[in-house]
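Asker: Just coords-v5.cif, nothing more (mmCIF, N, CA and C atoms):
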```
data_target
#
loop_
_atom_site.group_PDB
_atom_site.id
_atom_site.type_symbol
_atom_site.label_atom_id
_atom_site.label_comp_id
_atom_site.auth_asym_id
_atom_site.auth_seq_id
_atom_site.Cartn_x
_atom_site.Cartn_y
_atom_site.Cartn_z
ATOM 1 N N MET F 11 -29.209 -5.785 -11.820
ATOM 2 C CA MET F 11 -28.200 -6.171 -10.855
ATOM 3 C C MET F 11 -26.886 -6.505 -11.565
ATOM 4 N N ASN F 12 -26.949 -6.975 -12.784
ATOM 5 C CA ASN F 12 -25.755 -7.317 -13.544
ATOM 6 C C ASN F 12 -24.920 -6.072 -13.835
ATOM 7 N N ALA F 13 -25.573 -4.947 -14.156
ATOM 8 C CA ALA F 13 -24.846 -3.697 -14.412
ATOM 9 C C ALA F 13 -24.147 -3.218 -13.150
ATOM 10 N N GLN F 14 -24.787 -3.396 -12.006
ATOM 11 C CA GLN F 14 -24.179 -2.982 -10.734
ATOM 12 C C GLN F 14 -22.930 -3.813 -10.453
ATOM 13 N N THR F 15 -22.972 -5.094 -10.726
ATOM 14 C CA THR F 15 -21.826 -5.963 -10.497
ATOM 15 C C THR F 15 -20.675 -5.595 -11.422
ATOM 16 N N THR F 16 -20.956 -5.292 -12.676
ATOM 17 C CA THR F 16 -19.925 -4.910 -13.641
ATOM 18 C C THR F 16 -19.272 -3.593 -13.228
ATOM 19 N N THR F 17 -20.065 -2.621 -12.809
ATOM 20 C CA THR F 17 -19.530 -1.332 -12.376
ATOM 21 C C THR F 17 -18.662 -1.509 -11.140
ATOM 22 N N ASN F 18 -19.090 -2.345 -10.220
ATOM 23 C CA ASN F 18 -18.326 -2.585 -9.005
ATOM 24 C C ASN F 18 -16.987 -3.237 -9.335
ATOM 25 N N LYS F 19 -16.961 -4.195 -10.274
ATOM 26 C CA LYS F 19 -15.712 -4.839 -10.674
ATOM 27 C C LYS F 19 -14.782 -3.842 -11.353
ATOM 28 N N GLY F 20 -15.351 -2.958 -12.186
ATOM 29 C CA GLY F 20 -14.542 -1.942 -12.848
ATOM 30 C C GLY F 20 -13.923 -0.987 -11.844
ATOM 31 N N GLY F 21 -14.674 -0.614 -10.847
ATOM 32 C CA GLY F 21 -14.153 0.273 -9.805
ATOM 33 C C GLY F 21 -13.054 -0.390 -8.999
ATOM 34 N N LYS F 22 -13.250 -1.665 -8.685
ATOM 35 C CA LYS F 22 -12.226 -2.397 -7.932
ATOM 36 C C LYS F 22 -10.949 -2.548 -8.756
ATOM 37 N N PHE F 23 -11.108 -2.825 -10.064
ATOM 38 C CA PHE F 23 -9.934 -2.954 -10.928
ATOM 39 C C PHE F 23 -9.181 -1.623 -11.017
ATOM 40 N N PHE F 24 -9.915 -0.528 -11.186
ATOM 41 C CA PHE F 24 -9.280 0.789 -11.265
ATOM 42 C C PHE F 24 -8.546 1.109 -9.965
ATOM 43 N N PHE F 25 -9.175 0.826 -8.840
ATOM 44 C CA PHE F 25 -8.543 1.077 -7.544
ATOM 45 C C PHE F 25 -7.279 0.241 -7.389
ATOM 46 N N ALA F 26 -7.348 -1.024 -7.766
ATOM 47 C CA ALA F 26 -6.175 -1.905 -7.667
ATOM 48 C C ALA F 26 -5.056 -1.418 -8.592
ATOM 49 N N ALA F 27 -5.421 -0.958 -9.795
ATOM 50 C CA ALA F 27 -4.411 -0.448 -10.722
ATOM 51 C C ALA F 27 -3.748 0.807 -10.159
ATOM 52 N N MET F 28 -4.521 1.697 -9.572
ATOM 53 C CA MET F 28 -3.956 2.928 -9.002
ATOM 54 C C MET F 28 -3.066 2.610 -7.800
ATOM 55 N N VAL F 29 -3.459 1.663 -6.980
ATOM 56 C CA VAL F 29 -2.618 1.254 -5.851
ATOM 57 C C VAL F 29 -1.308 0.660 -6.373
ATOM 58 N N GLY F 30 -1.380 -0.146 -7.423
ATOM 59 C CA GLY F 30 -0.172 -0.731 -8.010
ATOM 60 C C GLY F 30 0.764 0.329 -8.566
ATOM 61 N N VAL F 31 0.210 1.298 -9.296
ATOM 62 C CA VAL F 31 1.038 2.384 -9.839
ATOM 63 C C VAL F 31 1.650 3.207 -8.706
ATOM 64 N N GLY F 32 0.857 3.504 -7.693
ATOM 65 C CA GLY F 32 1.369 4.264 -6.548
ATOM 66 C C GLY F 32 2.473 3.516 -5.813
ATOM 67 N N ALA F 33 2.306 2.218 -5.658
ATOM 68 C CA ALA F 33 3.343 1.414 -4.992
ATOM 69 C C ALA F 33 4.623 1.382 -5.816
ATOM 70 N N ALA F 34 4.488 1.281 -7.145
ATOM 71 C CA ALA F 34 5.674 1.265 -8.008
ATOM 72 C C ALA F 34 6.418 2.602 -7.941
ATOM 73 N N VAL F 35 5.691 3.698 -7.993
ATOM 74 C CA VAL F 35 6.327 5.020 -7.910
ATOM 75 C C VAL F 35 6.960 5.220 -6.537
ATOM 76 N N GLY F 36 6.280 4.797 -5.488
ATOM 77 C CA GLY F 36 6.833 4.911 -4.144
ATOM 78 C C GLY F 36 8.096 4.093 -3.968
ATOM 79 N N ALA F 37 8.104 2.870 -4.496
ATOM 80 C CA ALA F 37 9.300 2.036 -4.405
ATOM 81 C C ALA F 37 10.451 2.661 -5.180
ATOM 82 N N TRP F 38 10.168 3.193 -6.374
ATOM 83 C CA TRP F 38 11.206 3.859 -7.168
ATOM 84 C C TRP F 38 11.778 5.059 -6.415
ATOM 85 N N ALA F 39 10.910 5.845 -5.790
ATOM 86 C CA ALA F 39 11.373 7.026 -5.055
ATOM 87 C C ALA F 39 12.243 6.623 -3.865
ATOM 88 N N MET F 40 11.858 5.574 -3.152
ATOM 89 C CA MET F 40 12.659 5.132 -2.008
ATOM 90 C C MET F 40 14.023 4.614 -2.457
ATOM 91 N N VAL F 41 14.058 3.868 -3.563
ATOM 92 C CA VAL F 41 15.340 3.384 -4.086
ATOM 93 C C VAL F 41 16.210 4.569 -4.489
ATOM 94 N N ALA F 42 15.622 5.583 -5.116
ATOM 95 C CA ALA F 42 16.382 6.758 -5.545
ATOM 96 C C ALA F 42 16.966 7.502 -4.342
ATOM 97 N N VAL F 43 16.182 7.647 -3.279
ATOM 98 C CA VAL F 43 16.667 8.351 -2.081
ATOM 99 C C VAL F 43 17.783 7.557 -1.410
ATOM 100 N N VAL F 44 17.602 6.253 -1.266
ATOM 101 C CA VAL F 44 18.629 5.425 -0.617
ATOM 102 C C VAL F 44 19.909 5.425 -1.446
ATOM 103 N N PHE F 45 19.793 5.315 -2.770
ATOM 104 C CA PHE F 45 20.975 5.355 -3.634
ATOM 105 C C PHE F 45 21.678 6.712 -3.520
ATOM 106 N N SER F 46 20.896 7.798 -3.511
ATOM 107 C CA SER F 46 21.486 9.133 -3.396
ATOM 108 C C SER F 46 22.186 9.321 -2.059
ATOM 109 N N LEU F 47 21.566 8.839 -0.991
ATOM 110 C CA LEU F 47 22.209 8.940 0.321
ATOM 111 C C LEU F 47 23.515 8.156 0.340
ATOM 112 N N GLY F 48 23.541 7.010 -0.311
ATOM 113 C CA GLY F 48 24.773 6.231 -0.395
ATOM 114 C C GLY F 48 25.865 6.977 -1.145
ATOM 115 N N GLN F 49 25.506 7.748 -2.157
ATOM 116 C CA GLN F 49 26.477 8.496 -2.940
ATOM 117 C C GLN F 49 27.110 9.648 -2.155
ATOM 118 N N VAL F 50 26.370 10.217 -1.183
ATOM 119 C CA VAL F 50 26.890 11.358 -0.425
ATOM 120 C C VAL F 50 27.348 10.950 0.973
ATOM 121 N N GLY F 51 27.576 9.672 1.179
ATOM 122 C CA GLY F 51 28.108 9.220 2.466
ATOM 123 C C GLY F 51 27.078 9.168 3.573
ATOM 124 N N TRP F 52 25.832 8.917 3.241
ATOM 125 C CA TRP F 52 24.742 8.772 4.221
ATOM 126 C C TRP F 52 24.550 10.026 5.059
ATOM 127 N N GLN F 53 24.706 11.201 4.447
ATOM 128 C CA GLN F 53 24.514 12.479 5.127
ATOM 129 C C GLN F 53 23.314 13.195 4.509
ATOM 130 N N PRO F 54 22.176 13.213 5.210
ATOM 131 C CA PRO F 54 20.976 13.852 4.646
ATOM 132 C C PRO F 54 21.183 15.343 4.361
ATOM 133 N N GLY F 55 21.949 16.028 5.193
ATOM 134 C CA GLY F 55 22.197 17.452 4.968
ATOM 135 C C GLY F 55 22.949 17.707 3.673
ATOM 136 N N GLU F 56 23.917 16.855 3.387
ATOM 137 C CA GLU F 56 24.673 16.999 2.146
ATOM 138 C C GLU F 56 23.796 16.685 0.936
ATOM 139 N N LEU F 57 22.908 15.694 1.068
ATOM 140 C CA LEU F 57 21.979 15.377 -0.014
ATOM 141 C C LEU F 57 21.049 16.560 -0.274
ATOM 142 N N LEU F 58 20.562 17.188 0.780
ATOM 143 C CA LEU F 58 19.703 18.357 0.628
ATOM 144 C C LEU F 58 20.454 19.514 -0.029
ATOM 145 N N ARG F 59 21.714 19.714 0.343
ATOM 146 C CA ARG F 59 22.518 20.781 -0.258
ATOM 147 C C ARG F 59 22.710 20.534 -1.750
ATOM 148 N N HIS F 60 23.001 19.288 -2.125
ATOM 149 C CA HIS F 60 23.154 18.957 -3.540
ATOM 150 C C HIS F 60 21.856 19.217 -4.306
ATOM 151 N N TYR F 61 20.748 18.857 -3.702
ATOM 152 C CA TYR F 61 19.450 19.080 -4.351
ATOM 153 C C TYR F 61 19.191 20.571 -4.549
ATOM 154 N N LEU F 62 19.437 21.369 -3.512
ATOM 155 C CA LEU F 62 19.181 22.812 -3.612
ATOM 156 C C LEU F 62 20.093 23.482 -4.630
ATOM 157 N N VAL F 63 21.327 23.031 -4.729
ATOM 158 C CA VAL F 63 22.227 23.574 -5.753
ATOM 159 C C VAL F 63 21.741 23.161 -7.136
ATOM 160 N N ALA F 64 21.273 21.921 -7.279
ATOM 161 C CA ALA F 64 20.830 21.426 -8.586
ATOM 162 C C ALA F 64 19.601 22.167 -9.092
ATOM 163 N N VAL F 65 18.678 22.527 -8.202
ATOM 164 C CA VAL F 65 17.470 23.226 -8.639
ATOM 165 C C VAL F 65 17.660 24.731 -8.688
ATOM 166 N N GLY F 66 18.824 25.230 -8.260
ATOM 167 C CA GLY F 66 19.109 26.655 -8.339
ATOM 168 C C GLY F 66 18.634 27.473 -7.162
ATOM 169 N N ALA F 67 18.217 26.811 -6.072
ATOM 170 C CA ALA F 67 17.756 27.556 -4.905
ATOM 171 C C ALA F 67 18.915 28.221 -4.173
ATOM 172 N N ILE F 68 20.062 27.581 -4.195
ATOM 173 C CA ILE F 68 21.260 28.191 -3.629
ATOM 174 C C ILE F 68 22.355 28.100 -4.677
ATOM 175 N N GLY F 69 23.290 29.001 -4.584
ATOM 176 C CA GLY F 69 24.370 29.003 -5.558
ATOM 177 C C GLY F 69 25.684 29.314 -4.887
ATOM 178 N N GLU F 70 26.730 28.920 -5.519
ATOM 179 C CA GLU F 70 28.055 29.227 -5.016
ATOM 180 C C GLU F 70 28.621 30.329 -5.896
ATOM 181 N N PHE F 71 28.861 31.485 -5.300
ATOM 182 C CA PHE F 71 29.316 32.651 -6.035
ATOM 183 C C PHE F 71 30.820 32.794 -5.880
ATOM 184 N N GLU F 72 31.479 33.176 -6.969
ATOM 185 C CA GLU F 72 32.933 33.284 -6.944
ATOM 186 C C GLU F 72 33.401 34.649 -6.469
ATOM 187 N N THR F 73 32.612 35.687 -6.733
ATOM 188 C CA THR F 73 33.028 37.029 -6.328
ATOM 189 C C THR F 73 31.904 37.698 -5.558
ATOM 190 N N LEU F 74 32.253 38.750 -4.864
ATOM 191 C CA LEU F 74 31.264 39.533 -4.131
ATOM 192 C C LEU F 74 30.300 40.205 -5.097
ATOM 193 N N VAL F 75 30.790 40.591 -6.266
ATOM 194 C CA VAL F 75 29.924 41.238 -7.253
ATOM 195 C C VAL F 75 28.854 40.262 -7.744
ATOM 196 N N ASP F 76 29.212 38.999 -7.958
ATOM 197 C CA ASP F 76 28.222 37.995 -8.358
ATOM 198 C C ASP F 76 27.146 37.840 -7.290
ATOM 199 N N PHE F 77 27.567 37.762 -6.036
ATOM 200 C CA PHE F 77 26.620 37.617 -4.932
ATOM 201 C C PHE F 77 25.712 38.833 -4.837
ATOM 202 N N TYR F 78 26.289 40.025 -4.920
ATOM 203 C CA TYR F 78 25.511 41.257 -4.813
ATOM 204 C C TYR F 78 24.510 41.372 -5.961
ATOM 205 N N THR F 79 24.919 40.978 -7.161
ATOM 206 C CA THR F 79 24.017 41.015 -8.307
ATOM 207 C C THR F 79 22.844 40.069 -8.094
ATOM 208 N N HIS F 80 23.104 38.909 -7.550
ATOM 209 C CA HIS F 80 22.022 37.950 -7.265
ATOM 210 C C HIS F 80 21.055 38.523 -6.235
ATOM 211 N N ILE F 81 21.590 39.098 -5.164
ATOM 212 C CA ILE F 81 20.743 39.659 -4.105
ATOM 213 C C ILE F 81 19.900 40.806 -4.640
ATOM 214 N N LYS F 82 20.478 41.669 -5.482
ATOM 215 C CA LYS F 82 19.716 42.783 -6.049
ATOM 216 C C LYS F 82 18.602 42.262 -6.961
ATOM 217 N N GLY F 83 18.870 41.196 -7.690
ATOM 218 C CA GLY F 83 17.831 40.615 -8.539
ATOM 219 C C GLY F 83 16.657 40.110 -7.726
ATOM 220 N N VAL F 84 16.951 39.435 -6.619
ATOM 221 C CA VAL F 84 15.887 38.953 -5.732
ATOM 222 C C VAL F 84 15.130 40.133 -5.136
ATOM 223 N N GLU F 85 15.853 41.183 -4.775
ATOM 224 C CA GLU F 85 15.209 42.373 -4.208
ATOM 225 C C GLU F 85 14.251 43.003 -5.214
ATOM 226 N N TYR F 86 14.640 43.088 -6.475
ATOM 227 C CA TYR F 86 13.770 43.658 -7.495
ATOM 228 C C TYR F 86 12.527 42.795 -7.712
ATOM 229 N N ILE F 87 12.674 41.490 -7.640
ATOM 230 C CA ILE F 87 11.509 40.604 -7.776
ATOM 231 C C ILE F 87 10.539 40.834 -6.627
ATOM 232 N N ILE F 88 11.047 40.970 -5.411
ATOM 233 C CA ILE F 88 10.188 41.234 -4.252
ATOM 234 C C ILE F 88 9.488 42.575 -4.398
ATOM 235 N N ALA F 89 10.216 43.600 -4.875
ATOM 236 C CA ALA F 89 9.624 44.929 -5.040
ATOM 237 C C ALA F 89 8.503 44.912 -6.073
ATOM 238 N N VAL F 90 8.705 44.234 -7.190
ATOM 239 C CA VAL F 90 7.671 44.163 -8.218
ATOM 240 C C VAL F 90 6.454 43.393 -7.703
ATOM 241 N N ALA F 91 6.674 42.327 -6.952
ATOM 242 C CA ALA F 91 5.556 41.575 -6.374
ATOM 243 C C ALA F 91 4.769 42.448 -5.403
ATOM 244 N N PHE F 92 5.459 43.243 -4.595
ATOM 245 C CA PHE F 92 4.774 44.134 -3.660
ATOM 246 C C PHE F 92 3.970 45.174 -4.418
ATOM 247 N N LEU F 93 4.570 45.787 -5.433
ATOM 248 C CA LEU F 93 3.867 46.816 -6.194
ATOM 249 C C LEU F 93 2.660 46.236 -6.928
ATOM 250 N N GLY F 94 2.709 44.978 -7.280
ATOM 251 C CA GLY F 94 1.566 44.346 -7.916
ATOM 252 C C GLY F 94 0.478 43.971 -6.924
ATOM 253 N N ALA F 95 0.861 43.578 -5.714
ATOM 254 C CA ALA F 95 -0.109 43.105 -4.727
ATOM 255 C C ALA F 95 -0.701 44.238 -3.893
ATOM 256 N N PHE F 96 0.007 45.345 -3.737
ATOM 257 C CA PHE F 96 -0.473 46.404 -2.846
ATOM 258 C C PHE F 96 -1.790 47.016 -3.299
ATOM 259 N N PRO F 97 -2.002 47.343 -4.591
ATOM 260 C CA PRO F 97 -3.304 47.909 -4.971
ATOM 261 C C PRO F 97 -4.479 46.989 -4.652
ATOM 262 N N ALA F 98 -4.312 45.695 -4.848
ATOM 263 C CA ALA F 98 -5.395 44.758 -4.519
ATOM 264 C C ALA F 98 -5.650 44.741 -3.010
ATOM 265 N N TYR F 99 -4.584 44.757 -2.232
ATOM 266 C CA TYR F 99 -4.739 44.780 -0.765
ATOM 267 C C TYR F 99 -5.403 46.075 -0.324
ATOM 268 N N PHE F 100 -4.994 47.209 -0.897
ATOM 269 C CA PHE F 100 -5.562 48.506 -0.532
ATOM 270 C C PHE F 100 -7.045 48.550 -0.855
ATOM 271 N N LYS F 101 -7.419 48.010 -2.018
ATOM 272 C CA LYS F 101 -8.824 47.979 -2.404
ATOM 273 C C LYS F 101 -9.624 47.090 -1.448
ATOM 274 N N TYR F 102 -9.045 45.983 -1.030
ATOM 275 C CA TYR F 102 -9.719 45.073 -0.099
ATOM 276 C C TYR F 102 -9.923 45.726 1.266
ATOM 277 N N VAL F 103 -8.907 46.437 1.756
ATOM 278 C CA VAL F 103 -8.995 47.052 3.077
ATOM 279 C C VAL F 103 -9.974 48.219 3.085
ATOM 280 N N ASN F 104 -10.007 49.011 2.029
ATOM 281 C CA ASN F 104 -10.846 50.210 1.989
ATOM 282 C C ASN F 104 -12.183 49.981 1.293
ATOM 283 N N LYS F 105 -12.635 48.783 1.266
ATOM 284 C CA LYS F 105 -13.918 48.476 0.657
ATOM 285 C C LYS F 105 -15.031 49.000 1.563
ATOM 286 N N THR F 106 -16.033 49.652 0.962
ATOM 287 C CA THR F 106 -17.140 50.184 1.757
ATOM 288 C C THR F 106 -18.057 49.042 2.162
ATOM 289 N N PRO F 107 -18.533 49.087 3.390
ATOM 290 C CA PRO F 107 -19.408 47.996 3.836
ATOM 291 C C PRO F 107 -20.761 48.050 3.121
ATOM 292 N N ALA F 108 -21.378 46.918 3.001
ATOM 293 C CA ALA F 108 -22.707 46.836 2.377
ATOM 294 C C ALA F 108 -23.699 47.562 3.244
ATOM 295 N N PRO F 109 -24.645 48.275 2.645
ATOM 296 C CA PRO F 109 -25.642 49.001 3.451
ATOM 297 C C PRO F 109 -26.491 48.027 4.253
ATOM 298 N N ALA F 110 -26.805 48.432 5.462
ATOM 299 C CA ALA F 110 -27.625 47.599 6.334
ATOM 300 C C ALA F 110 -29.076 47.676 5.857
ATOM 301 N N VAL F 111 -29.728 46.566 5.911
ATOM 302 C CA VAL F 111 -31.124 46.505 5.479
ATOM 303 C C VAL F 111 -31.978 46.533 6.737
ATOM 304 N N ASN F 112 -32.858 47.537 6.806
ATOM 305 C CA ASN F 112 -33.762 47.636 7.958
ATOM 306 C C ASN F 112 -35.078 46.932 7.617
ATOM 307 N N ARG F 113 -35.367 45.948 8.373
ATOM 308 C CA ARG F 113 -36.620 45.221 8.177
ATOM 309 C C ARG F 113 -37.431 45.362 9.468
ATOM 310 N N ARG F 114 -38.607 45.772 9.298
ATOM 311 C CA ARG F 114 -39.480 45.887 10.468
ATOM 312 C C ARG F 114 -40.450 44.724 10.463
ATOM 313 N N HIS F 115 -40.520 44.083 11.571
ATOM 314 C CA HIS F 115 -41.412 42.911 11.674
ATOM 315 C C HIS F 115 -42.669 43.286 12.356
#
```
Could you take the file, read its structure, and then write that structure out as structure tokens?

Answerer:
Amino acid sequence: MNAQTTTNKGGKFFFAAMVGVGAAVGAWAMVAVVFSLGQVGWQPGELLRHYLVAVGAIGEFETLVDFYTHIKGVEYIIAVAFLGAFPAYFKYVNKTPAPAVNRRH
């Protein structure tokens, strides 16, 4: 019974430690979001735009050629992904069914 009590205390301590770490990370994240919203004038849309520009999801292009080059690059990535995925899809669709087993009772 002593081993069971020790294991139970260890589990409770681990759970409490994980809850504490999770609460600390959550509080830090909330402070970061509130501070960021304050920096952009309390506009969530502007905060999202800044985030997307920072991670490279959207970009501001100076010329039409820059924009067109970006779009063509994305198009080539989509084409290569399709060419890689199509043979697997074709094999999956044209797979022969397993032979039926006739059992007589």

Asker: Any idea what the distance is between atom C of F:Gly83 and atom C of F:Tyr102?

Answerer: 28.6 Å

Asker: Please identify the alpha helix (DSSP H) residues within chain F (assignment by DSSP from backbone atoms) and present them as a VMD selection string.

Answerer: chain F and resid 12 to 49 54 to 65 74 to 103

Asker: For the atom pair atom CA of F:Gly36 and atom N of F:Leu57, what is the interatomic distance in Å to one decimal place?

Answerer: 20.0 Å

Asker: For a test of reading the model, state the distance in Å between atom CA of F:Ala91 and atom C of F:Asp76, rounded to one decimal.

Answerer: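 About the pair atom CA of F:Ala91 and atom C of F:Asp76: they are 21.9 Å apart.
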